file data.cif (mmCIF, C-alpha atoms and all ligand atoms)
data_structure
#
loop_
_atom_site.label_atom_id
_atom_site.label_comp_id
_atom_site.auth_asym_id
_atom_site.auth_seq_id
_atom_site.Cartn_x
_atom_site.Cartn_y
_atom_site.Cartn_z
CA MET A 207 2.05 -56.21 -3.47
CA SER A 208 2.49 -57.19 -7.08
CA TYR A 209 3.22 -60.53 -8.75
CA LEU A 210 5.59 -58.77 -11.13
CA LEU A 211 8.58 -61.04 -11.86
CA ASP A 212 10.63 -59.08 -14.36
CA VAL A 213 10.46 -57.33 -17.69
CA ILE A 214 11.02 -59.37 -20.84
CA CYS A 215 11.75 -58.66 -24.49
CA PRO A 216 9.20 -60.38 -26.74
CA ALA A 217 11.67 -60.23 -29.64
CA CYS A 218 14.90 -61.69 -28.21
CA GLY A 219 13.78 -63.07 -24.83
CA LYS A 220 16.25 -61.01 -22.76
CA THR A 221 14.98 -60.24 -19.24
CA TYR A 222 15.49 -57.18 -17.06
CA PRO A 223 15.08 -56.88 -13.27
CA ALA A 224 11.85 -55.46 -11.90
CA ASP A 225 13.58 -53.23 -9.34
CA ARG A 226 14.42 -50.34 -11.70
CA PRO A 227 12.70 -48.50 -14.55
CA HIS A 228 13.33 -49.63 -18.14
CA ASN A 229 12.83 -48.25 -21.61
CA LEU A 230 13.63 -50.45 -24.65
CA CYS A 231 15.51 -53.74 -24.90
CA SER A 232 19.15 -53.53 -26.01
CA CYS A 233 17.90 -55.07 -29.30
CA GLY A 234 15.60 -52.06 -29.82
CA SER A 235 12.32 -53.87 -29.17
CA PRO A 236 9.64 -52.74 -26.71
CA LEU A 237 9.64 -54.61 -23.39
CA LEU A 238 6.71 -56.24 -21.57
CA ALA A 239 6.11 -56.91 -17.87
CA ARG A 240 5.93 -60.54 -16.76
CA TYR A 241 4.13 -61.86 -13.69
CA ASP A 242 4.24 -64.98 -11.55
CA LEU A 243 0.87 -66.26 -12.70
CA GLU A 244 1.31 -69.64 -10.96
CA ARG A 245 1.35 -67.86 -7.59
CA ALA A 246 -1.37 -65.43 -8.65
CA LYS A 247 -3.59 -68.41 -9.51
CA ARG A 248 -3.61 -69.48 -5.86
CA ASP A 249 -4.53 -66.00 -4.58
CA GLU A 250 -8.18 -66.08 -3.55
CA ALA A 251 -8.31 -62.30 -3.24
CA LEU A 252 -6.59 -61.61 -6.56
CA PHE A 253 -9.11 -59.02 -7.76
CA ASP A 254 -11.48 -58.63 -4.81
CA ASN A 255 -9.19 -56.66 -2.57
CA GLY A 256 -10.94 -53.42 -1.63
CA PHE A 257 -9.59 -51.37 -4.55
CA GLY A 258 -11.77 -49.89 -7.31
CA GLY A 259 -11.43 -49.20 -11.04
CA ILE A 260 -8.20 -50.38 -12.64
CA TRP A 261 -6.57 -50.73 -9.24
CA ARG A 262 -8.67 -53.80 -8.47
CA TYR A 263 -6.02 -55.45 -10.66
CA HIS A 264 -3.05 -53.99 -8.80
CA LYS A 265 -1.55 -57.41 -8.05
CA LEU A 266 -1.12 -57.89 -11.81
CA LEU A 267 0.20 -54.37 -12.37
CA PRO A 268 3.82 -53.27 -11.88
CA VAL A 269 3.40 -51.06 -8.77
CA LYS A 270 4.89 -52.71 -5.67
CA ASP A 271 3.47 -50.48 -2.93
CA THR A 272 -0.15 -49.37 -3.32
CA ALA A 273 0.77 -46.18 -1.42
CA ASN A 274 2.38 -45.02 -4.69
CA ILE A 275 -0.81 -45.29 -6.74
CA VAL A 276 -1.68 -42.08 -8.60
CA THR A 277 -5.38 -42.21 -9.43
CA LEU A 278 -8.20 -39.98 -10.58
CA GLY A 279 -10.74 -42.83 -10.49
CA GLU A 280 -9.96 -44.35 -13.91
CA GLY A 281 -11.43 -47.62 -15.17
CA GLY A 282 -14.64 -49.48 -14.40
CA THR A 283 -16.21 -48.17 -17.62
CA PRO A 284 -19.36 -49.90 -18.87
CA VAL A 285 -19.82 -52.47 -21.60
CA LEU A 286 -23.12 -51.60 -23.27
CA GLU A 287 -25.08 -53.67 -25.75
CA VAL A 288 -26.09 -51.46 -28.71
CA PRO A 289 -28.82 -53.39 -30.55
CA LYS A 290 -29.91 -50.57 -32.86
CA MET A 291 -26.34 -49.98 -33.93
CA GLY A 292 -25.94 -53.74 -34.30
CA ASN A 293 -28.97 -53.86 -36.55
CA TYR A 294 -27.45 -51.07 -38.66
CA ALA A 295 -24.33 -53.20 -39.23
CA GLY A 296 -26.16 -56.52 -39.52
CA LEU A 297 -24.93 -57.86 -36.17
CA GLU A 298 -27.18 -59.48 -33.59
CA HIS A 299 -24.79 -59.00 -30.69
CA LEU A 300 -22.86 -55.75 -30.87
CA TYR A 301 -21.36 -54.20 -27.73
CA VAL A 302 -19.26 -51.14 -26.98
CA LYS A 303 -16.93 -50.40 -24.10
CA ASP A 304 -17.36 -46.72 -23.37
CA GLU A 305 -13.93 -45.42 -22.43
CA GLY A 306 -15.19 -41.84 -22.74
CA GLN A 307 -16.44 -42.23 -19.17
CA ASN A 308 -12.89 -42.15 -17.80
CA PRO A 309 -11.32 -39.08 -16.15
CA SER A 310 -10.05 -36.73 -18.87
CA SER A 311 -12.70 -38.47 -21.03
CA SER A 312 -10.39 -41.01 -22.65
CA PHE A 313 -8.81 -44.45 -22.31
CA LYS A 314 -5.39 -42.76 -22.05
CA THR A 315 -5.91 -42.30 -18.33
CA ARG A 316 -5.42 -46.01 -17.68
CA GLY A 317 -1.89 -46.01 -19.08
CA ALA A 318 -1.04 -42.68 -17.48
CA SER A 319 -2.23 -43.81 -14.05
CA VAL A 320 -0.16 -47.01 -14.06
CA ALA A 321 2.98 -45.54 -15.64
CA ILE A 322 3.03 -42.44 -13.42
CA SER A 323 2.48 -44.62 -10.33
CA VAL A 324 5.39 -46.92 -11.26
CA LEU A 325 7.69 -44.04 -12.15
CA ARG A 326 6.87 -42.20 -8.94
CA GLU A 327 7.72 -45.40 -7.06
CA PHE A 328 11.11 -45.43 -8.82
CA GLY A 329 11.74 -41.76 -7.96
CA VAL A 330 11.48 -40.46 -11.54
CA THR A 331 10.75 -36.73 -11.43
CA ASP A 332 10.31 -35.78 -15.12
CA ILE A 333 8.64 -37.55 -18.04
CA VAL A 334 8.78 -36.61 -21.72
CA MET A 335 6.46 -37.66 -24.55
CA ASP A 336 4.76 -36.70 -27.79
CA SER A 337 1.00 -36.65 -28.17
CA GLY A 338 -1.88 -36.31 -30.61
CA GLY A 339 -4.01 -34.75 -27.86
CA ASN A 340 -5.73 -37.23 -25.56
CA GLY A 341 -2.42 -38.50 -24.17
CA ALA A 342 -1.26 -34.97 -23.40
CA GLY A 343 -4.48 -34.23 -21.51
CA ALA A 344 -4.26 -37.43 -19.48
CA TRP A 345 -0.53 -37.40 -18.74
CA SER A 346 -0.38 -33.74 -17.74
CA ALA A 347 -3.25 -34.37 -15.31
CA TYR A 348 -1.69 -37.49 -13.75
CA CYS A 349 1.70 -35.79 -13.49
CA ARG A 350 0.05 -32.95 -11.57
CA ARG A 351 -1.73 -35.44 -9.35
CA GLY A 352 1.45 -37.44 -8.69
CA GLY A 353 3.83 -34.49 -8.39
CA LEU A 354 5.92 -35.27 -11.51
CA ASN A 355 6.93 -32.77 -14.19
CA ALA A 356 5.36 -33.41 -17.61
CA HIS A 357 7.27 -32.34 -20.75
CA ILE A 358 4.98 -32.90 -23.71
CA TYR A 359 5.27 -32.19 -27.44
CA MET A 360 1.72 -32.01 -28.70
CA THR A 361 0.56 -31.60 -32.26
CA ALA A 362 -1.11 -28.28 -33.04
CA LYS A 363 -3.69 -30.38 -34.93
CA ALA A 364 -5.02 -31.73 -31.62
CA VAL A 365 -8.63 -30.89 -30.89
CA GLN A 366 -9.18 -27.66 -28.95
CA ALA A 367 -10.59 -29.51 -25.92
CA ASN A 368 -7.25 -31.26 -25.37
CA GLN A 369 -5.28 -28.07 -25.94
CA LYS A 370 -7.43 -26.21 -23.41
CA GLU A 371 -7.23 -29.06 -20.92
CA CYS A 372 -3.42 -28.89 -21.04
CA ALA A 373 -3.42 -25.09 -20.84
CA ILE A 374 -5.43 -25.19 -17.62
CA VAL A 375 -3.81 -28.25 -16.02
CA GLY A 376 -0.40 -26.81 -16.88
CA GLY A 377 2.95 -28.52 -17.24
CA ASP A 378 5.58 -28.00 -19.91
CA VAL A 379 3.32 -28.61 -22.94
CA ASN A 380 4.75 -27.46 -26.27
CA MET A 381 2.48 -27.08 -29.28
CA CYS A 382 4.23 -28.18 -32.50
CA GLN A 383 3.45 -28.35 -36.19
CA GLY A 384 3.62 -31.85 -37.63
CA HIS A 385 2.81 -35.41 -36.69
CA THR A 386 4.24 -38.13 -34.47
CA THR A 387 7.54 -38.57 -36.34
CA ILE A 388 8.43 -34.89 -36.01
CA LEU A 389 7.19 -34.71 -32.43
CA GLY A 390 9.19 -37.86 -31.61
CA ARG A 391 12.32 -36.16 -32.92
CA LYS A 392 11.66 -33.25 -30.57
CA VAL A 393 11.42 -35.70 -27.68
CA SER A 394 14.80 -37.21 -28.63
CA GLU A 395 16.42 -33.77 -28.89
CA SER A 396 15.01 -32.72 -25.51
CA MET A 397 16.45 -35.87 -23.90
CA GLU A 398 19.90 -34.98 -25.23
CA ARG A 399 19.59 -31.74 -23.24
CA HIS A 400 17.96 -33.48 -20.24
CA PRO A 401 19.26 -37.04 -19.93
CA ASP A 402 17.43 -37.50 -16.60
CA TRP A 403 13.98 -37.12 -18.24
CA PHE A 404 12.20 -40.45 -18.65
CA ASP A 405 10.98 -41.30 -22.16
CA VAL A 406 7.32 -42.39 -22.08
CA ARG A 407 6.65 -42.29 -25.83
CA THR A 408 4.25 -44.98 -27.06
CA MET A 409 5.73 -48.46 -26.36
CA HIS A 410 9.10 -46.95 -25.35
CA GLU A 411 8.59 -48.25 -21.79
CA PRO A 412 6.69 -51.30 -20.47
CA TYR A 413 4.32 -49.60 -17.98
CA ARG A 414 1.74 -47.70 -20.04
CA VAL A 415 0.61 -50.87 -21.81
CA GLU A 416 0.00 -52.45 -18.39
CA GLY A 417 -2.59 -49.74 -17.73
CA LYS A 418 -4.23 -50.32 -21.11
CA LYS A 419 -4.28 -54.02 -20.29
CA THR A 420 -6.98 -53.37 -17.70
CA ILE A 421 -9.48 -52.75 -20.54
CA GLY A 422 -9.05 -56.44 -21.42
CA TYR A 423 -9.44 -57.60 -17.80
CA GLU A 424 -12.64 -55.60 -17.49
CA ILE A 425 -14.07 -56.86 -20.78
CA VAL A 426 -13.59 -60.49 -19.76
CA GLU A 427 -15.11 -59.90 -16.32
CA GLN A 428 -18.01 -57.97 -17.79
CA PHE A 429 -18.75 -60.88 -20.12
CA GLY A 430 -18.66 -63.30 -17.19
CA GLY A 431 -15.41 -64.94 -18.34
CA GLU A 432 -16.78 -65.64 -21.82
CA VAL A 433 -14.64 -63.58 -24.14
CA PRO A 434 -16.39 -61.88 -27.12
CA ASP A 435 -15.59 -63.44 -30.50
CA VAL A 436 -14.12 -60.27 -31.96
CA ILE A 437 -12.68 -57.05 -30.47
CA LEU A 438 -12.12 -53.98 -32.66
CA PHE A 439 -9.89 -51.11 -31.58
CA PRO A 440 -9.03 -47.81 -33.35
CA THR A 441 -5.29 -48.15 -33.82
CA ALA A 442 -2.39 -45.69 -33.94
CA GLY A 443 0.52 -46.98 -31.86
CA GLY A 444 -1.22 -50.28 -31.16
CA VAL A 445 -1.03 -50.06 -27.34
CA GLY A 446 -4.74 -50.78 -26.97
CA ILE A 447 -4.57 -53.98 -29.04
CA ILE A 448 -1.31 -55.14 -27.42
CA GLY A 449 -2.68 -54.41 -23.92
CA ILE A 450 -6.02 -56.17 -24.39
CA HIS A 451 -4.30 -59.18 -25.97
CA LYS A 452 -1.83 -59.37 -23.07
CA ALA A 453 -4.68 -59.18 -20.55
CA ILE A 454 -6.64 -62.01 -22.13
CA GLN A 455 -3.52 -64.14 -22.50
CA GLU A 456 -2.80 -63.68 -18.77
CA LEU A 457 -6.42 -64.45 -17.84
CA MET A 458 -6.31 -67.61 -19.98
CA GLU A 459 -3.18 -68.73 -18.10
CA LEU A 460 -5.03 -68.03 -14.85
CA GLY A 461 -8.01 -70.09 -16.07
CA LEU A 462 -10.24 -67.01 -16.04
CA ALA A 463 -10.89 -66.57 -19.78
CA ASP A 464 -12.19 -69.16 -22.21
CA LYS A 465 -10.51 -68.05 -25.45
CA MET A 466 -8.62 -65.36 -27.34
CA PRO A 467 -10.85 -63.16 -29.53
CA ARG A 468 -9.96 -62.20 -33.09
CA MET A 469 -8.32 -58.79 -32.69
CA VAL A 470 -9.00 -56.10 -35.30
CA SER A 471 -7.11 -52.83 -35.84
CA VAL A 472 -9.04 -50.02 -37.50
CA GLN A 473 -7.49 -46.95 -39.15
CA TYR A 474 -8.59 -44.18 -41.51
CA GLU A 475 -7.96 -44.71 -45.24
CA GLY A 476 -6.00 -41.45 -45.06
CA CYS A 477 -3.39 -42.89 -42.63
CA CYS A 478 -3.38 -46.69 -42.52
CA PRO A 479 0.20 -48.00 -42.26
CA VAL A 480 -0.91 -50.99 -40.16
CA VAL A 481 -3.61 -51.98 -42.66
CA GLN A 482 -1.15 -51.70 -45.56
CA ALA A 483 1.42 -53.86 -43.77
CA PHE A 484 -1.22 -56.43 -42.79
CA GLU A 485 -2.58 -56.68 -46.32
CA ALA A 486 0.90 -56.95 -47.83
CA GLY A 487 1.81 -59.75 -45.42
CA ARG A 488 4.69 -57.70 -43.93
CA ASP A 489 5.93 -57.94 -40.31
CA THR A 490 6.61 -54.22 -40.04
CA CYS A 491 4.95 -51.00 -41.17
CA GLU A 492 6.32 -48.67 -43.75
CA VAL A 493 6.15 -45.03 -42.70
CA TRP A 494 2.95 -43.50 -44.10
CA SER A 495 4.11 -41.19 -46.86
CA GLY A 496 0.81 -40.12 -48.42
CA PRO A 497 -1.16 -37.06 -47.37
CA MET A 498 -2.50 -37.34 -43.84
CA ASP A 499 -6.26 -37.27 -44.36
CA VAL A 500 -7.93 -38.03 -41.04
CA ILE A 501 -10.51 -36.55 -38.69
CA PRO A 502 -8.37 -34.69 -36.11
CA GLY A 503 -7.78 -36.91 -33.10
CA GLY A 504 -5.65 -39.88 -32.12
CA LEU A 505 -5.30 -41.80 -35.40
CA SER A 506 -2.51 -40.01 -37.22
CA ALA A 507 0.57 -42.11 -36.43
CA PRO A 508 2.59 -42.60 -39.66
CA LYS A 509 4.00 -45.83 -38.19
CA ALA A 510 3.26 -48.03 -35.18
CA PHE A 511 6.50 -48.25 -33.19
CA ALA A 512 5.57 -51.73 -31.88
CA ASP A 513 4.58 -52.87 -35.37
CA ARG A 514 6.00 -56.43 -35.12
CA LEU A 515 4.12 -57.12 -31.90
CA LEU A 516 0.93 -55.59 -33.20
CA LEU A 517 0.91 -57.32 -36.60
CA GLY A 518 1.83 -60.60 -34.91
CA ILE A 519 -1.24 -60.33 -32.66
CA LEU A 520 -3.59 -59.52 -35.54
CA ARG A 521 -2.36 -62.59 -37.43
CA GLU A 522 -2.05 -65.03 -34.51
CA THR A 523 -5.58 -64.34 -33.30
CA GLY A 524 -7.07 -64.72 -36.78
CA GLY A 525 -7.87 -61.01 -36.75
CA THR A 526 -7.47 -58.40 -39.42
CA ALA A 527 -6.84 -54.71 -40.10
CA VAL A 528 -9.41 -52.45 -41.74
CA ALA A 529 -9.27 -48.98 -43.27
CA VAL A 530 -12.43 -46.87 -43.24
CA SER A 531 -13.37 -43.57 -44.83
CA LYS A 532 -13.98 -40.34 -42.93
CA GLU A 533 -17.50 -40.23 -44.41
CA ASP A 534 -18.44 -43.72 -43.15
CA THR A 535 -16.99 -42.83 -39.77
CA VAL A 536 -19.08 -39.68 -39.43
CA ARG A 537 -22.19 -41.57 -40.59
CA HIS A 538 -21.71 -44.21 -37.85
CA TRP A 539 -20.72 -41.61 -35.26
CA ARG A 540 -23.92 -39.70 -35.86
CA HIS A 541 -26.06 -42.84 -36.07
CA MET A 542 -24.71 -44.03 -32.72
CA ALA A 543 -25.75 -40.77 -31.08
CA GLN A 544 -29.14 -40.71 -32.75
CA SER A 545 -30.05 -44.37 -32.27
CA GLU A 546 -28.46 -45.27 -28.96
CA GLY A 547 -27.92 -41.83 -27.37
CA LEU A 548 -24.19 -42.53 -27.09
CA PHE A 549 -22.03 -39.54 -28.00
CA VAL A 550 -18.78 -41.36 -28.79
CA ASN A 551 -15.55 -40.16 -30.35
CA PRO A 552 -14.87 -40.40 -34.09
CA GLU A 553 -11.92 -42.76 -33.52
CA GLY A 554 -14.33 -45.10 -31.73
CA ALA A 555 -16.82 -44.73 -34.58
CA THR A 556 -14.21 -46.03 -37.06
CA THR A 557 -14.68 -49.46 -35.48
CA LEU A 558 -18.43 -49.30 -36.12
CA ALA A 559 -17.80 -48.44 -39.76
CA ALA A 560 -15.36 -51.37 -39.87
CA CYS A 561 -18.06 -53.72 -38.52
CA GLU A 562 -20.35 -52.78 -41.39
CA GLN A 563 -17.54 -53.44 -43.88
CA LEU A 564 -16.54 -56.76 -42.33
CA ARG A 565 -20.14 -57.94 -42.12
CA LYS A 566 -20.73 -57.12 -45.80
CA LYS A 567 -17.61 -59.08 -46.74
CA GLY A 568 -18.76 -62.01 -44.62
CA TRP A 569 -15.68 -61.79 -42.39
CA LEU A 570 -18.07 -61.25 -39.48
CA SER A 571 -21.09 -63.51 -39.22
CA GLY A 572 -24.35 -62.01 -37.97
CA ASP A 573 -24.54 -63.99 -34.74
CA GLU A 574 -21.01 -63.42 -33.41
CA ARG A 575 -20.44 -61.36 -30.27
CA VAL A 576 -18.54 -58.29 -31.37
CA LEU A 577 -17.10 -55.61 -29.10
CA CYS A 578 -15.94 -52.19 -30.26
CA VAL A 579 -13.90 -49.94 -27.99
CA MET A 580 -14.97 -46.27 -27.90
CA THR A 581 -11.69 -44.73 -26.80
CA SER A 582 -12.82 -41.22 -25.92
CA ASN A 583 -15.88 -38.97 -25.63
CA GLY A 584 -17.68 -37.08 -28.41
CA ILE A 585 -17.87 -34.02 -26.19
CA LYS A 586 -14.16 -33.40 -26.89
CA TYR A 587 -14.67 -33.06 -30.65
CA ASP A 588 -16.30 -29.66 -30.89
CA GLU A 589 -14.70 -28.94 -34.30
CA LEU A 590 -16.32 -32.04 -35.81
CA VAL A 591 -19.71 -31.21 -34.35
CA ARG A 592 -19.54 -27.78 -35.98
CA GLU A 593 -18.49 -29.27 -39.32
CA VAL A 594 -21.28 -31.82 -39.63
CA PRO A 595 -24.38 -30.23 -41.14
CA ASN A 596 -27.96 -31.38 -40.48
CA LEU A 597 -27.13 -33.05 -37.23
CA ILE A 598 -30.73 -33.58 -36.34
CA THR A 599 -31.85 -35.50 -39.41
CA GLU A 600 -30.65 -38.70 -40.92
C1 LIG B 1 -9.05 -41.42 -28.92
C2 LIG B 1 -7.96 -42.33 -29.34
N1 LIG B 1 -8.26 -43.52 -29.86
C3 LIG B 1 -7.29 -44.39 -30.26
C4 LIG B 1 -5.95 -44.06 -30.19
C5 LIG B 1 -4.93 -45.06 -30.68
O1 LIG B 1 -4.54 -45.88 -29.67
P1 LIG B 1 -3.30 -46.90 -29.70
O2 LIG B 1 -2.07 -46.06 -29.72
O3 LIG B 1 -3.48 -47.66 -28.46
O4 LIG B 1 -3.40 -47.71 -30.92
C6 LIG B 1 -5.59 -42.83 -29.63
C7 LIG B 1 -4.19 -42.49 -29.47
O5 LIG B 1 -3.36 -42.07 -29.77
C8 LIG B 1 -6.61 -41.93 -29.22
O6 LIG B 1 -6.32 -40.74 -28.70
ZN ZN B 2 15.33 -57.74 -27.18
#
call {"tool": "encode", "arguments": {"input": "data.cif", "output": "structure tokens"}}
result
Amino acid sequence: MSYLLDVICPACGKTYPADRPHNLCSCGSPLLARYDLERAKRDEALFDNGFGGIWRYHKLLPVKDTANIVTLGEGGTPVLEVPKMGNYAGLEHLYVKDEGQNPSSSFKTRGASVAISVLREFGVTDIVMDSGGNGAGAWSAYCRRGGLNAHIYMTAKAVQANQKECAIVGGDVNMCQGHTTILGRKVSESMERHPDWFDVRTMHEPYRVEGKKTIGYEIVEQFGGEVPDVILFPTAGGVGIIGIHKAIQELMELGLADKMPRMVSVQYEGCCPVVQAFEAGRDTCEVWSGPMDVIPGGLSAPKAFADRLLLGILRETGGTAVAVSKEDTVRHWRHMAQSEGLFVNPEGATTLAACEQLRKKGWLSGDERVLCVMTSNGIKYDELVREVPNLITE
């Protein structure tokens, strides 16, 4: 069973019934799932219920019947203290959550598992989306597992590992030139031809973010209910930030978390629409119009679709948005491997570079507890490994 009440629009407050699948609100805003937290509070077996990974939280996820769960064992990833890396950035208490240990080696599996489970429950047979790589790998795998048809428009700039993963797993995966805006247009055109396909583009439905939310639940539990002071997340569409924030807000209402951390979005200097909007004091992002100069991977969204929600969270929590260079990212990525033995993804390493910057500015103090989310696994980024000379020395 689930304590899901309904689905609500954070922009206009309109609610939608929980008994059918939804995309956007009639006002155009993303929708969010809402739960009966008063009842959940009285449930003594809320999380200790025989399920593992993200599905320990199934009562606060939107799947009604656990028989519909589509899982590959996602979630339950470790929080690791990284003292040598902390020392490098001038932080006494630096932690990472290693999402590279998920199936398909990325955090995308959490959202895919929950959304595919919900959609299977509703009898949806076909999903359609765009992807920078990791999403395509995860969603094609979970569609196979759950018996749904995946129609995916994936950028040809995606790392080879994700392209190969999709080629082997199969599904209707189309390689396209261009970034999210162009791929998104292809999704819209395909839905005109196939109106029965369900649109699962980033924040275009309320279920994927529920899966991402479980990162926040895990973080709080792993810190024994004492939330870290600051959480940094490499941001494209903002689902990670929105999901973690939603999780901690729910846990606070349940009396299971002590505070809301300052939430920080990190992007590359060569594609930072969220950082620009944050710094300019705007509520929405302008579409990134400069050259796209990023390390290939998940951080090349010219605009965050859920920009109002995302920017609102960064401001309300006293957080910020930071742009980092490719060079600083590679330096931290390599240092993490060589000091801590953790082979993380470059997107994750952007958050480490951001820590250094924020510490130097005094935005972070040296004794705060800071958590960076490593969203994928370095093993997927073969091209980057080949590009970086002198890997053995520093
Ligand atoms: C490895 C990786 N990190 C971070 C992101 C950005 O995540 P979000 O869309 O939740 O901001 C992506 C996604 O596109 C990704 O693939
Ligand atoms: Zn609305």
call {"tool": "atom_distance", "arguments": {"input": "data.cif", "atom1": "CA of Leu325 (chain A)", "atom2": "CA of Leu516 (chain A)"}}
result
24.9 Å
call {"tool": "residues_near_point", "arguments": {"input": "data.cif", "point": "(-12.4, -45.8, -38.3)", "cutoff": "7 Å", "atoms": "all atoms listed in the file", "output": "VMD selection string"}}
result
chain A and resid 440 472 to 474 529 to 531 535 553 to 557 559 to 560
call {"tool": "residues_around", "arguments": {"input": "data.cif", "residues": "Gly352 (chain A)", "least_positions_apart": "4", "cutoff": "9 Å", "atoms": "only C-alpha atoms", "output": "list of chain:residue names"}}
result
A:Asn274, A:Ile275, A:Val276, A:Thr277, A:Ile322, A:Ser323, A:Arg326, A:Ala347, A:Tyr348
call {"tool": "residues_around", "arguments": {"input": "data.cif", "residues": "Val470 (chain A)", "least_positions_apart": "6", "cutoff": "9 Å", "atoms": "only C-alpha atoms", "output": "ChimeraX atom specification"}}
result
/A:436-441,447,520,524-528,557
call {"tool": "residues_near_ligand", "arguments": {"input": "data.cif", "ligand": "ligand LIG 1 (chain B)", "cutoff": "9 Å", "atoms": "only C-alpha atoms and all ligand atoms", "output": "PyMOL selection string"}}
result
chain A and resi 306+312-314+337-341+408-409+415+418+439-449+471-472+503-507+510+551-554+579-583
call {"tool": "write_last_selection", "arguments": {"input": "data.cif", "atoms": "C-alpha atoms", "output": "compact mmCIF listing (two decimals), in the coordinates of the input"}}
result
# COMPACT_ATOMS: atom_id res chain seq x y z
CA GLY A 306 -15.19 -41.84 -22.74
CA SER A 312 -10.39 -41.01 -22.65
CA PHE A 313 -8.81 -44.45 -22.31
CA LYS A 314 -5.39 -42.76 -22.05
CA SER A 337 1.00 -36.65 -28.17
CA GLY A 338 -1.88 -36.31 -30.61
CA GLY A 339 -4.01 -34.75 -27.86
CA ASN A 340 -5.73 -37.23 -25.56
CA GLY A 341 -2.42 -38.50 -24.17
CA THR A 408 4.25 -44.98 -27.06
CA MET A 409 5.73 -48.46 -26.36
CA VAL A 415 0.61 -50.87 -21.81
CA LYS A 418 -4.23 -50.32 -21.11
CA PHE A 439 -9.89 -51.11 -31.58
CA PRO A 440 -9.03 -47.81 -33.35
CA THR A 441 -5.29 -48.15 -33.82
CA ALA A 442 -2.39 -45.69 -33.94
CA GLY A 443 0.52 -46.98 -31.86
CA GLY A 444 -1.22 -50.28 -31.16
CA VAL A 445 -1.03 -50.06 -27.34
CA GLY A 446 -4.74 -50.78 -26.97
CA ILE A 447 -4.57 -53.98 -29.04
CA ILE A 448 -1.31 -55.14 -27.42
CA GLY A 449 -2.68 -54.41 -23.92
CA SER A 471 -7.11 -52.83 -35.84
CA VAL A 472 -9.04 -50.02 -37.50
CA GLY A 503 -7.78 -36.91 -33.10
CA GLY A 504 -5.65 -39.88 -32.12
CA LEU A 505 -5.30 -41.80 -35.40
CA SER A 506 -2.51 -40.01 -37.22
CA ALA A 507 0.57 -42.11 -36.43
CA ALA A 510 3.26 -48.03 -35.18
CA ASN A 551 -15.55 -40.16 -30.35
CA PRO A 552 -14.87 -40.40 -34.09
CA GLU A 553 -11.92 -42.76 -33.52
CA GLY A 554 -14.33 -45.10 -31.73
CA VAL A 579 -13.90 -49.94 -27.99
CA MET A 580 -14.97 -46.27 -27.90
CA THR A 581 -11.69 -44.73 -26.80
CA SER A 582 -12.82 -41.22 -25.92
CA ASN A 583 -15.88 -38.97 -25.63
call {"tool": "decode", "arguments": {"input": "data.cif", "residues": "region 311-322 of chain A", "atoms": "N, CA and C atoms", "output": "mmCIF file, in the first residue's frame"}}
result
data_model
loop_
_atom_site.group_PDB
_atom_site.id
_atom_site.type_symbol
_atom_site.label_atom_id
_atom_site.label_comp_id
_atom_site.auth_asym_id
_atom_site.auth_seq_id
_atom_site.Cartn_x
_atom_site.Cartn_y
_atom_site.Cartn_z
ATOM 1 N N SER A 311 24.880 1.654 -13.214
ATOM 2 C CA SER A 311 25.935 2.560 -12.716
ATOM 3 C C SER A 311 25.539 4.025 -12.635
ATOM 4 N N SER A 312 24.266 4.322 -12.406
ATOM 5 C CA SER A 312 23.919 5.732 -12.198
ATOM 6 C C SER A 312 22.659 5.894 -11.360
ATOM 7 N N PHE A 313 22.502 7.137 -10.844
ATOM 8 C CA PHE A 313 21.333 7.467 -10.014
ATOM 9 C C PHE A 313 20.040 7.440 -10.808
ATOM 10 N N LYS A 314 20.130 7.394 -12.134
ATOM 11 C CA LYS A 314 18.926 7.424 -12.977
ATOM 12 C C LYS A 314 18.029 6.208 -12.754
ATOM 13 N N THR A 315 18.618 5.143 -12.215
ATOM 14 C CA THR A 315 17.832 3.925 -12.022
ATOM 15 C C THR A 315 16.725 4.112 -10.980
ATOM 16 N N ARG A 316 16.951 5.003 -10.034
ATOM 17 C CA ARG A 316 15.920 5.224 -9.001
ATOM 18 C C ARG A 316 14.634 5.760 -9.635
ATOM 19 N N GLY A 317 14.788 6.791 -10.463
ATOM 20 C CA GLY A 317 13.619 7.385 -11.108
ATOM 21 C C GLY A 317 12.976 6.424 -12.084
ATOM 22 N N ALA A 318 13.808 5.686 -12.805
ATOM 23 C CA ALA A 318 13.273 4.744 -13.793
ATOM 24 C C ALA A 318 12.482 3.643 -13.092
ATOM 25 N N SER A 319 13.026 3.127 -12.000
ATOM 26 C CA SER A 319 12.352 2.036 -11.287
ATOM 27 C C SER A 319 10.966 2.470 -10.804
ATOM 28 N N VAL A 320 10.887 3.641 -10.181
ATOM 29 C CA VAL A 320 9.592 4.092 -9.647
ATOM 30 C C VAL A 320 8.624 4.434 -10.783
ATOM 31 N N ALA A 321 9.097 5.197 -11.759
ATOM 32 C CA ALA A 321 8.171 5.616 -12.826
ATOM 33 C C ALA A 321 7.679 4.418 -13.634
ATOM 34 N N ILE A 322 8.564 3.507 -13.973
ATOM 35 C CA ILE A 322 8.131 2.337 -14.764
ATOM 36 C C ILE A 322 7.156 1.481 -13.948
#
